[in-house]
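Colleague: Sharing a structure below in structure tokens format, with a few things to ask.
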Amino acid sequence: MGAVEYIKKYSKVIDDKLNKYLPRPSGYAAVLHRAMRYSVFSKGKRIRPVLTIAACQACGGNLRDAIGPACAVELIHTYTLIHDDLPAMDNSDYRRGKLSSHKKFGQANAILAGDALLTLAFKILVDGKPCRNGVQMVKELADYIGYAGTAAGQVVDMATKGRKLDKNLLEYINSRKTGHLIVASLKMGALAGNADKKRLYAIEKFGKGIGLVFQIIDDVLDGEGYAERFGKRNAIKQANALTKRARASLAVFGDKARPLDELAVFLSNRTK
């Protein structure tokens with residue numbers, strides 16, 4: 001199964017499970033429930049939760065182990081997109097060809113929908129029948145998306161708009177704003193697969209590499225960031241080198257890491 005087929009197969013499973021986790025619109029807060037569903041089911045590629053599943057499989061786990069953490073990761077990703085589109089941040093009216101949440105439901109409801117998705121993600125990891133290593137997952141996610149992670153990347157990105165950034169600052173922003181959630185997605189899968197320290201380290205190393213690759217390719221496609229600073233050819237060369245190193249870190253997993261390896265190649269070669 002190639003990367004495209006792998007993504008299609010598990011995206012359907014992820015969507016079915018997300019549909020069960022998300023509240024049905026009802027009662028006084030029905031608008032909140034509609035706003036949550038609107039953004040979650042907005043034709044996202046589900047790359048991050050698919051990476052969670054692939055990492056779990058690489059570590060000897062299965063879909064049953066991975067699906068809860070995978071959905072939690074996608075809910076967090078959606079929350080970041082809702083907030084990123086707000087007028088106070090990137091001020092985007094559209095997301096994936098549809099009106100962004102705040103244009104559809106108003107700013108207050110969009111903010112609250114993002115908040116609700118974030119908190120639901122943590123609930124999934126530890127509530128009822130908790131995920132394996134759920135408490136550790138909560139800590140890892142909090143570290144990667146909090147004040148030293150995704151939030152920090154967003155703050156610095158906004159503070160440096162319009163400035164010509166050096167490589168260190170550019171990498172700081174992108175490793176946190178984009179890369180940290182990709183690393184977290186992979187580590188959630190590794191923890192779901194009960195990975196030992198050696199495999200957790202390998203997964204983290206892999207994630208740091210492809211997390212930056214993901215952003216570099218975005219910049220190449222948009223003609224900004226790395227591409228603007230170093231030129232498209234040099235940005236692609238950097239992405240290829242990072243991909244090669246990331247793939248090498250998967251050697252410890254043997255054939256079980258084939259989906260991760262194919263996903264790394266797919267992400268480095270994407271055209272949209």
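By convention in this document, the chains of the structure tokens carry letters A, B, ... by their order, each chain's residues are numbered from 1, and ligands are numbered from 1 in the order they are shown.
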List as a list of chain:residue names the protein and nucleic acid residues near range 25-33 of chain A, meaning an atom at most 12 Å away when only C-alpha atoms are counted, but skip any in the same chain fewer than 3 places from it.

Modeller: A:Asn19, A:Tyr21, A:Leu22, A:Met36, A:Arg37, A:Tyr38, A:Ser39, A:Val40, A:Ser101, A:His102, A:Lys104, A:Phe105, A:Gly106, A:Gln107, A:Ala108, A:Asn109, A:Ala110, A:Ile111, A:Leu112, A:Ala113, A:Gly114, A:Asp115, A:Ala116, A:Leu117, A:Leu120

Colleague: Got a sec to tell me which of range 29-222 of chain A DSSP assigns to helix (DSSP H, G or I), as a PyMOL selection string?

Modeller: chain A and resi 30-40+47-58+63-84+101-105+107-126+134-145+150-159+167-192+197-222

Colleague: Can you tell me which residues surround Arg95 in chain A at a distance of at most 10 Å, considering only C-alpha atoms, apart from same-chain residues fewer than 3 positions away, and format the answer as a list in words?

Modeller: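 In the requested form, the answer reads Ser39, Ser42, Lys43, Gly44, Leu81, Ile82, Asp85, Ser92, Lys98, Leu99, Ser100 and Ser101 of chain A.
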
Colleague: With C-alpha atoms retained, could you export that selection as a tab-separated table (two decimals), in the first residue's frame?

Modeller:
chain	number	residue	atom	x	y	z
A	39	SER	CA	-14.19	22.98	11.06
A	42	SER	CA	-13.75	20.70	6.29
A	43	LYS	CA	-11.95	18.32	3.91
A	44	GLY	CA	-8.66	18.15	5.81
A	81	LEU	CA	-6.45	26.47	12.39
A	82	ILE	CA	-9.60	28.11	13.76
A	85	ASP	CA	-7.65	32.37	10.90
A	92	SER	CA	-8.16	34.64	6.82
A	98	LYS	CA	-14.89	27.33	2.72
A	99	LEU	CA	-15.64	30.30	4.93
A	100	SER	CA	-13.38	30.21	7.99
A	101	SER	CA	-15.07	29.52	11.31

Colleague: With only C-alpha atoms counted and 12 Å as the cut-off, give the residues of range 67-112 of chain A in contact with range 165-178 of chain A, each with its shortest interatomic distance in Å and the pair that gives it, as a Markdown table.

Modeller:
| residue | atom | partner | partner_atom | distance |
| --- | --- | --- | --- | --- |
| A:His77 | CA | A:Thr178 | CA | 9.8 |
| A:Thr80 | CA | A:Lys177 | CA | 9.4 |
| A:Leu81 | CA | A:Lys177 | CA | 11.0 |
| A:Asp84 | CA | A:Lys177 | CA | 10.3 |

Colleague: Against range 49-60 of chain A, which residues of range 86-200 of chain A fall within 10 Å? For each one I want the closest pair of atoms and the distance in Å (one decimal), counting only C-alpha atoms, rows by chain and increasing residue number, as CSV.

Modeller:
residue,atom,partner,partner_atom,distance
A:Ile182,CA,A:Leu51,CA,8.0
A:Val183,CA,A:Leu51,CA,9.4
A:Ala184,CA,A:Thr52,CA,8.6
A:Ser185,CA,A:Thr52,CA,5.1
A:Leu186,CA,A:Thr52,CA,4.8
A:Lys187,CA,A:Thr52,CA,7.3
A:Met188,CA,A:Thr52,CA,6.1
A:Gly189,CA,A:Cys56,CA,4.1
A:Ala190,CA,A:Cys56,CA,4.8
A:Leu191,CA,A:Cys56,CA,7.3
A:Ala192,CA,A:Cys56,CA,5.9
A:Gly193,CA,A:Cys56,CA,4.6
A:Asn194,CA,A:Cys59,CA,7.0
A:Ala195,CA,A:Cys59,CA,5.7
A:Asp196,CA,A:Cys59,CA,8.7
A:Arg199,CA,A:Cys59,CA,7.3
A:Leu200,CA,A:Cys59,CA,8.9

Colleague: Which distance in Å separates CA of Pro87 in chain A and CA of Ala152 in chain A, to one decimal?

Modeller: 18.4 Å

Colleague: Pick out the closest residue to Val73 in chain A from this set: A:His180, A:Arg34, A:Lys103, A:Lys20. Count only C-alpha atoms.

Modeller: A:His180

Colleague: I'd like the interatomic distance between CA of Lys45 in chain A and CA of Gly179 in chain A, to a tenth of an Å.

Modeller: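 Separating CA of Lys45 in chain A from CA of Gly179 in chain A is a distance of 16.5 Å.
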
Colleague: Which residues in range 25-272 of chain A does DSSP call strand (DSSP E)? List them as a PyMOL selection string.

Modeller: chain A and resi 94-95+98-99
